[in-house]
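Asks: Quick one: structure below, then a few questions.
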Amino acid sequence: MVENRPFLTFLAHLVLILGVAFVALPVWIAFVASTHDQATFLGGSMPLWPGSNMWETYRTILTDGVPNSGTPPLTMMMTNSLIMALIITFGKIAISVISAFAIVYFRFPFRVLAFWIIFVTLMLPVEVRIMPTFKVVADLGLLNSYAGLSIPLIASATATFLFRQFFLTIPEELVEAARIDGAGPMKFFRDMVLPLSQTNIAALFVILFIYGWNQYLWPMLITTDEKFYTVVMGIKRMSDVADSDPQWNFVMGSAMLAMLPPVLVVIFMQRLFVKGLVEQEK
Amino acid sequence: MAGIKLSAVKKTYPGSSEPAVKGVDLDIQDGEFVVLVGPSGCGKSTLLRMIAGLETISAGEIVIGDKVVNTMEPAERDIAMVFQNYALYPHMSVRQNLSYGLKNRKMARSEIDRRIEETAAILQIGDYLERKPRALSGGQRQRVAMGRAIVRDPAAFLFDEPLSNLDAKLRLHMRGEIKHLHNRLRTTSVYVTHDQLEAMTLADRLVVLNNGLIEQVGRPLDLYQKPASTFVAGFLGAPAMNLMEAEVAEGALMLGGAALAGGLQARPGRVTAGIRPEAIRLRAEPGNFRLDYVEELGGTRIVHGHIGAQRMIAQTDLATELSDEMTAELPGAELHFFHAETGQRL
Ligand SMILES: Nc1ncnc2c1ncn2[C@@H]1O[C@H](COP(=O)(O)OP(=O)(O)OP(=O)(O)O)[C@@H](O)[C@H]1O
Ligand SMILES: [Mg+2]
């Protein structure tokens with residue numbers, strides 16, 4: 001639809017600008033808050049322009065942490081978050097590509113049953129099975145470890161299901177041509193399935209990374225050692241102080257930094273992602 | 001290069017009661033170009049895919065060269081296949097598409113390069129070796145698909161309707177190229193099509209399949225001139241042969257009480273008689289033939305009409321004058337006679 005009416009153009013832009021403002025304003029306020037000292041914020045007035053305390057705020061949270069609310073330096077928490085998010089992302093992609101490959105291309109006993117069991121796990125995210133999962137992780141001695149942080153979150157079938165649907169669209173003739181060209185199952189997986197799934201993998205990477213990075217409830221449950229705190233739960237701890245006012249400048253600064261990696265992933269992967277979409281066959 | 005021998009080959013798909021291929025014997029000579037032709041669902045693809053090793057063989061034996069290949073993997077059979085939708089690897093360049101099968105066979109880099117050069121020259125695809133398939137036209141993709149087969153230098157080429165995704169003009173052109181290519185390479189080829197014109201022009205030997213069984217095998221012209229059954233008679237040739245339920249009495253062909261042709265050697269009795277449209281001689285003077293409509297082909301005309309209640313199609317040159325009532329003459333030597341019940345040639 002190509003319309004060229006000034007009023008509609010104006011209206012469209014207005015709606016878009018309002019939308020952007022709606023999303024961006026809180027982020028801006030958080031940024032501004034992180035550049036003033038604590039007193040300004042608690043004084044009741046909300047400055048709209050950055051103050052002079054930015055360097056001090058970020059230096060403190062990155063290197064010293066906020067000791068009076070029991071949070072370690074942000075560099076450590078961000079590293080933990082990164083490790084957790086990456087293990088979840090790669091673990092999930094690896095397992096789901098392989099299991100989808102097995103389900104689509106191999107005829108083994110109870111194949112359909114296996115698929116349905118995987119499918120049922122779609123209805124059981126961590127939040128639903130949190131008690132039993134916690135018990136299992138605790139019994140395995142995985143509390144306060146990267147494995148404990150990430151493995152329970154890897155176990156779900158969304159990605160398997162997605163890859164299965166994609167593999168079913170790969171033409172049968174392509175499989176046959178590869179068979180005639182002497183590609184066994186493993187070669188076929190490496191030379192055909194993986195390269196063809198590139199776009200899907202990139203898209204899933206973005207989704208899963210953000211999913212892993214934003215985990216809140218689970219890390220809170222299983223980490224008691226601050227060496228394993230993640231940044232999202234760290235922000236919460238920072239604002240939960242017992243006897244004094246929360247240090248909002250530090251909280252907001254941490255929030256700004258916590259937003260950064262997901263944004264970078266989206267920006268960086270988007271190029272790959274769009275390229276993949278454009279290069280898609282047909 | 002090698003011959004291919006099929007003995008009593010059968011195929012029943014799991015879960016279906018009727019076999020798709022019901023016992024086929026076929027001896028394909030080394031270097032021969034054999035075309036399998038027949039209506040949709042007659043089992044052409046199934047037979048070809050059994051030779052390729054993409055379908056299991058329910059009964060019988062397939063020999064390629066001097067090896068029984070029944071249980072061999074497709075890659076071990078030394079065949080190459082060209083698919084209807086080309087099945088090029090979309091993420092690989094043309095060069096990679098060609099070299100993939102060779103690399104998997106652990107061929108030396110220099111030999112692979114040499115073969116790709118050679119194949120590219122034969123098929124004139126040298127200009128786009130580095131392109132991905134999506135950046136090629138349908139005709140170019142078709143060439144690459146053929147290139148992928150040629151570069152392997154296999155014992156046999158298997159084609160499953162390789163031209164049916166091309167437009168009419170390009171199809172004609174590629175048909176010529178395949179013929180030319182075969183004359184040059186002389187690789188044993190099995191070619192599946194349901195286009196009888198393609199079948200006639202390409203084949204050294206034509207195999208007409210019907211409902212999972214071979215109806216007739218032979219040189220295209222032999223099949224055209226001496227069809228073994230009404231099925232083959234009706235299948236080969238466009239427009240199709242006229243077939244009519246008739247009677248032979250006292251050396252004449254009787255249709256609806258009128259004699260159509262005389263002086264015949266055929267045995268008296270009920271028959272199915274056939275005559276090719278181009279064998280019918282039409283004259284302008286009013287007679288037995290009622291004209292319904294005419295199709296102009298440019299160089300010739302297809303005249304649709306009736307003799308009595310029998311539909312009849314004739315092909316004439318432009319010089320023949322047309323009118324609503326005409327006389328059709330059916331030369332006795334051009335008539336084919338088939339058994340009225342079984343449809344077999346008499
Ligand atoms: N995978 C399959 N499972 C069950 N039946 C099949 C399968 N493939 C083919 N058939 C059946 O076997 C018969 C022969 O099929 P085939 O594909 O060989 O026909 P074809 O001669 O190649 O037809 P077309 O000209 O339409 O390609 C058909 O009746 C078809 O329904
Ligand atoms: Mg077919």
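Labels used: A, B, ... for chains in the order of the structure tokens, numbers from 1 for residues in each chain, and numbers from 1 for ligands as shown.
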Taking a cut-off of 12 Å and counting only C-alpha atoms and all ligand atoms, can you build a table that, for each residue of chain B near ligand 2, reports the nearest atom pair and how far apart they are in Å (one decimal), sorted by chain then residue number, as CSV?

Replies:
residue,atom,partner,partner_atom_place_in_ligand_line,distance
B:Ala20,CA,ligand 2,1 (Mg),11.6
B:Leu36,CA,ligand 2,1 (Mg),10.4
B:Val37,CA,ligand 2,1 (Mg),10.0
B:Gly38,CA,ligand 2,1 (Mg),9.8
B:Pro39,CA,ligand 2,1 (Mg),9.5
B:Ser40,CA,ligand 2,1 (Mg),7.0
B:Gly41,CA,ligand 2,1 (Mg),7.0
B:Cys42,CA,ligand 2,1 (Mg),8.5
B:Gly43,CA,ligand 2,1 (Mg),7.2
B:Lys44,CA,ligand 2,1 (Mg),5.9
B:Ser45,CA,ligand 2,1 (Mg),4.1
B:Thr46,CA,ligand 2,1 (Mg),7.2
B:Leu47,CA,ligand 2,1 (Mg),9.4
B:Leu48,CA,ligand 2,1 (Mg),8.9
B:Arg49,CA,ligand 2,1 (Mg),9.5
B:Phe83,CA,ligand 2,1 (Mg),10.1
B:Gln84,CA,ligand 2,1 (Mg),8.8
B:Asn85,CA,ligand 2,1 (Mg),11.7
B:Phe159,CA,ligand 2,1 (Mg),10.4
B:Asp160,CA,ligand 2,1 (Mg),6.7
B:Glu161,CA,ligand 2,1 (Mg),7.2
B:Pro162,CA,ligand 2,1 (Mg),10.5
B:Ser164,CA,ligand 2,1 (Mg),10.8
B:Tyr191,CA,ligand 2,1 (Mg),10.9
B:Val192,CA,ligand 2,1 (Mg),7.5
B:Thr193,CA,ligand 2,1 (Mg),7.8
B:His194,CA,ligand 2,1 (Mg),8.4
B:Asp195,CA,ligand 2,1 (Mg),11.7

Asks: Skipping near chain neighbours, those fewer than 2 positions away, what residues fall within 8 Å of Ser7 (chain B) using only C-alpha atoms, listed as a PyMOL selection string?

Replies: chain B and resi 5+9+23-26+60-62

Asks: If we count only C-alpha atoms and set the cut-off at 9 Å, which residues sit around Ile57 (chain B), ignoring sequence neighbours fewer than 4 positions away in its own chain? Please answer as an NGL selection string.

Replies: :B and (9-12 or 50-51 or 53 or 61-62 or 70-71)

Asks: Specify as a PyMOL selection string all residues of chain B found within 10 Å of chain A, counting only C-alpha atoms.

Replies: chain B and resi 49+52-54+73-92+97-105+132-135+148-149+152

Asks: Can you list, as a ChimeraX atom specification, all residues belonging to region 97-178 of chain B that DSSP tags as alpha helix (DSSP H)?

Replies: /B:97-104,109-123,138-150,168-178

Asks: Only N, CA and C atoms, please: the residues just picked out, written as a short mmCIF file (atom, residue, chain, number, x, y, z; two decimals), in the first residue's frame.

Replies:
data_model
loop_
_atom_site.label_atom_id
_atom_site.label_comp_id
_atom_site.auth_asym_id
_atom_site.auth_seq_id
_atom_site.Cartn_x
_atom_site.Cartn_y
_atom_site.Cartn_z
N ASN B 97 29.20 -27.05 -5.53
CA ASN B 97 28.18 -28.04 -5.88
C ASN B 97 28.79 -29.16 -6.72
N LEU B 98 29.63 -28.76 -7.67
CA LEU B 98 30.22 -29.76 -8.55
C LEU B 98 31.25 -30.61 -7.81
N SER B 99 31.99 -29.98 -6.91
CA SER B 99 33.11 -30.70 -6.31
C SER B 99 32.72 -31.53 -5.09
N TYR B 100 31.51 -31.27 -4.57
CA TYR B 100 31.16 -31.92 -3.29
C TYR B 100 31.26 -33.45 -3.35
N GLY B 101 30.67 -34.04 -4.38
CA GLY B 101 30.68 -35.49 -4.49
C GLY B 101 32.09 -36.03 -4.70
N LEU B 102 32.92 -35.26 -5.40
CA LEU B 102 34.29 -35.71 -5.66
C LEU B 102 35.12 -35.65 -4.38
N LYS B 103 34.93 -34.57 -3.62
CA LYS B 103 35.66 -34.43 -2.36
C LYS B 103 35.31 -35.57 -1.42
N ASN B 104 34.02 -35.89 -1.37
CA ASN B 104 33.60 -36.99 -0.50
C ASN B 104 34.21 -38.32 -0.92
N ARG B 109 42.83 -32.81 -5.20
CA ARG B 109 42.43 -31.44 -5.52
C ARG B 109 42.66 -31.11 -7.00
N SER B 110 43.81 -31.51 -7.51
CA SER B 110 44.16 -31.15 -8.88
C SER B 110 43.22 -31.85 -9.88
N GLU B 111 42.88 -33.10 -9.57
CA GLU B 111 41.98 -33.85 -10.44
C GLU B 111 40.57 -33.23 -10.41
N ILE B 112 40.15 -32.82 -9.21
CA ILE B 112 38.84 -32.17 -9.09
C ILE B 112 38.81 -30.91 -9.95
N ASP B 113 39.86 -30.10 -9.83
CA ASP B 113 39.90 -28.86 -10.62
C ASP B 113 39.87 -29.14 -12.11
N ARG B 114 40.62 -30.15 -12.50
CA ARG B 114 40.67 -30.49 -13.92
C ARG B 114 39.28 -30.87 -14.42
N ARG B 115 38.60 -31.71 -13.64
CA ARG B 115 37.27 -32.17 -14.06
C ARG B 115 36.26 -31.03 -14.10
N ILE B 116 36.37 -30.12 -13.13
CA ILE B 116 35.42 -29.00 -13.13
C ILE B 116 35.64 -28.12 -14.35
N GLU B 117 36.92 -27.87 -14.68
CA GLU B 117 37.23 -27.10 -15.89
C GLU B 117 36.58 -27.75 -17.10
N GLU B 118 36.78 -29.04 -17.21
CA GLU B 118 36.31 -29.79 -18.36
C GLU B 118 34.78 -29.73 -18.44
N THR B 119 34.13 -30.00 -17.31
CA THR B 119 32.66 -29.98 -17.28
C THR B 119 32.12 -28.60 -17.58
N ALA B 120 32.78 -27.58 -17.00
CA ALA B 120 32.32 -26.21 -17.23
C ALA B 120 32.42 -25.87 -18.70
N ALA B 121 33.45 -26.37 -19.35
CA ALA B 121 33.61 -26.09 -20.78
C ALA B 121 32.52 -26.79 -21.58
N ILE B 122 32.25 -28.05 -21.25
CA ILE B 122 31.23 -28.80 -21.97
C ILE B 122 29.87 -28.11 -21.86
N LEU B 123 29.53 -27.66 -20.66
CA LEU B 123 28.18 -27.13 -20.42
C LEU B 123 28.12 -25.61 -20.50
N GLY B 138 16.63 -20.54 -14.27
CA GLY B 138 16.22 -21.94 -14.28
C GLY B 138 17.06 -22.79 -15.22
N GLY B 139 17.32 -22.26 -16.41
CA GLY B 139 18.10 -23.00 -17.39
C GLY B 139 19.53 -23.22 -16.91
N GLN B 140 20.10 -22.19 -16.29
CA GLN B 140 21.47 -22.32 -15.78
C GLN B 140 21.54 -23.32 -14.65
N ARG B 141 20.52 -23.30 -13.78
CA ARG B 141 20.50 -24.28 -12.68
C ARG B 141 20.44 -25.68 -13.25
N GLN B 142 19.65 -25.83 -14.29
CA GLN B 142 19.52 -27.13 -14.94
C GLN B 142 20.89 -27.62 -15.42
N ARG B 143 21.64 -26.70 -16.02
CA ARG B 143 22.96 -27.07 -16.50
C ARG B 143 23.87 -27.48 -15.35
N VAL B 144 23.78 -26.73 -14.27
CA VAL B 144 24.63 -27.06 -13.12
C VAL B 144 24.26 -28.44 -12.58
N ALA B 145 22.96 -28.72 -12.55
CA ALA B 145 22.52 -30.04 -12.09
C ALA B 145 23.09 -31.13 -12.97
N MET B 146 23.12 -30.87 -14.28
CA MET B 146 23.72 -31.84 -15.19
C MET B 146 25.22 -31.91 -14.97
N GLY B 147 25.81 -30.73 -14.74
CA GLY B 147 27.25 -30.69 -14.49
C GLY B 147 27.64 -31.53 -13.29
N ARG B 148 26.80 -31.49 -12.27
CA ARG B 148 27.10 -32.24 -11.06
C ARG B 148 27.13 -33.74 -11.36
N ALA B 149 26.31 -34.14 -12.36
CA ALA B 149 26.34 -35.55 -12.75
C ALA B 149 27.55 -35.85 -13.63
N ILE B 150 27.80 -34.97 -14.60
CA ILE B 150 28.87 -35.22 -15.57
C ILE B 150 30.24 -35.26 -14.91
N ALA B 168 8.72 -23.91 -22.36
CA ALA B 168 8.69 -24.77 -23.54
C ALA B 168 9.91 -24.59 -24.45
N LYS B 169 10.30 -23.35 -24.65
CA LYS B 169 11.38 -23.08 -25.58
C LYS B 169 12.71 -23.63 -25.04
N LEU B 170 12.95 -23.34 -23.77
CA LEU B 170 14.19 -23.78 -23.15
C LEU B 170 14.23 -25.31 -23.07
N ARG B 171 13.07 -25.88 -22.85
CA ARG B 171 12.99 -27.34 -22.76
C ARG B 171 13.45 -27.97 -24.07
N LEU B 172 12.98 -27.36 -25.15
CA LEU B 172 13.35 -27.86 -26.47
C LEU B 172 14.86 -27.76 -26.67
N HIS B 173 15.39 -26.62 -26.26
CA HIS B 173 16.81 -26.38 -26.42
C HIS B 173 17.62 -27.38 -25.59
N MET B 174 17.24 -27.56 -24.34
CA MET B 174 17.99 -28.45 -23.46
C MET B 174 17.86 -29.90 -23.91
N ARG B 175 16.72 -30.23 -24.48
CA ARG B 175 16.53 -31.57 -25.02
C ARG B 175 17.60 -31.85 -26.07
N GLY B 176 17.78 -30.85 -26.95
CA GLY B 176 18.81 -30.99 -27.97
C GLY B 176 20.19 -31.15 -27.34
N GLU B 177 20.44 -30.36 -26.30
CA GLU B 177 21.76 -30.42 -25.67
C GLU B 177 22.00 -31.76 -25.00
N ILE B 178 20.97 -32.32 -24.38
CA ILE B 178 21.15 -33.62 -23.73
C ILE B 178 21.49 -34.67 -24.77
#

Asks: Step one, run DSSP on the backbone; step two, keep only residues of region 33-216 of chain B assigned to strand (DSSP E or B); then write them as a count of residues only.

Replies: 38

Asks: Extract, using only C-alpha atoms, all DNA, RNA and protein residues at most 12 Å from Val104 (chain A), discarding same-chain residues fewer than 3 positions from it, and format them as a list in words.

Replies: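 Everything that qualifies: Ser96, Val97, Ile98, Ser99, Ala100, Phe101, Arg107, Phe108, Arg111, Val112, Ala114, Phe115, Thr160, Phe161, Leu162, Phe163, Arg164, Gln165, Phe166, Phe167, Leu168, Thr169, Ile170, Glu172, Val175, Pro185, Phe189 and Val193 of chain A.
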
Asks: List as an NGL selection string the protein and nucleic acid residues near region 218-226 of chain A, meaning an atom at most 12 Å away when only C-alpha atoms are counted, but skip any in the same chain fewer than 4 places from it.

Replies: :A and (65 or 67 or 69-74 or 76-77 or 80-81 or 84-85 or 125-131 or 133-139 or 141-153 or 212-214 or 230-237)

Asks: Which residues come within 8 Å of Gly253 (chain A), counting only C-alpha atoms, excluding same-chain residues fewer than 6 positions away, as a list in words?

Replies: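 Once the adjacent positions are removed, what remains is Ala30, Phe31, Ala33, Ser34, Thr35, Thr57, Tyr58 and Ile61 of chain A.
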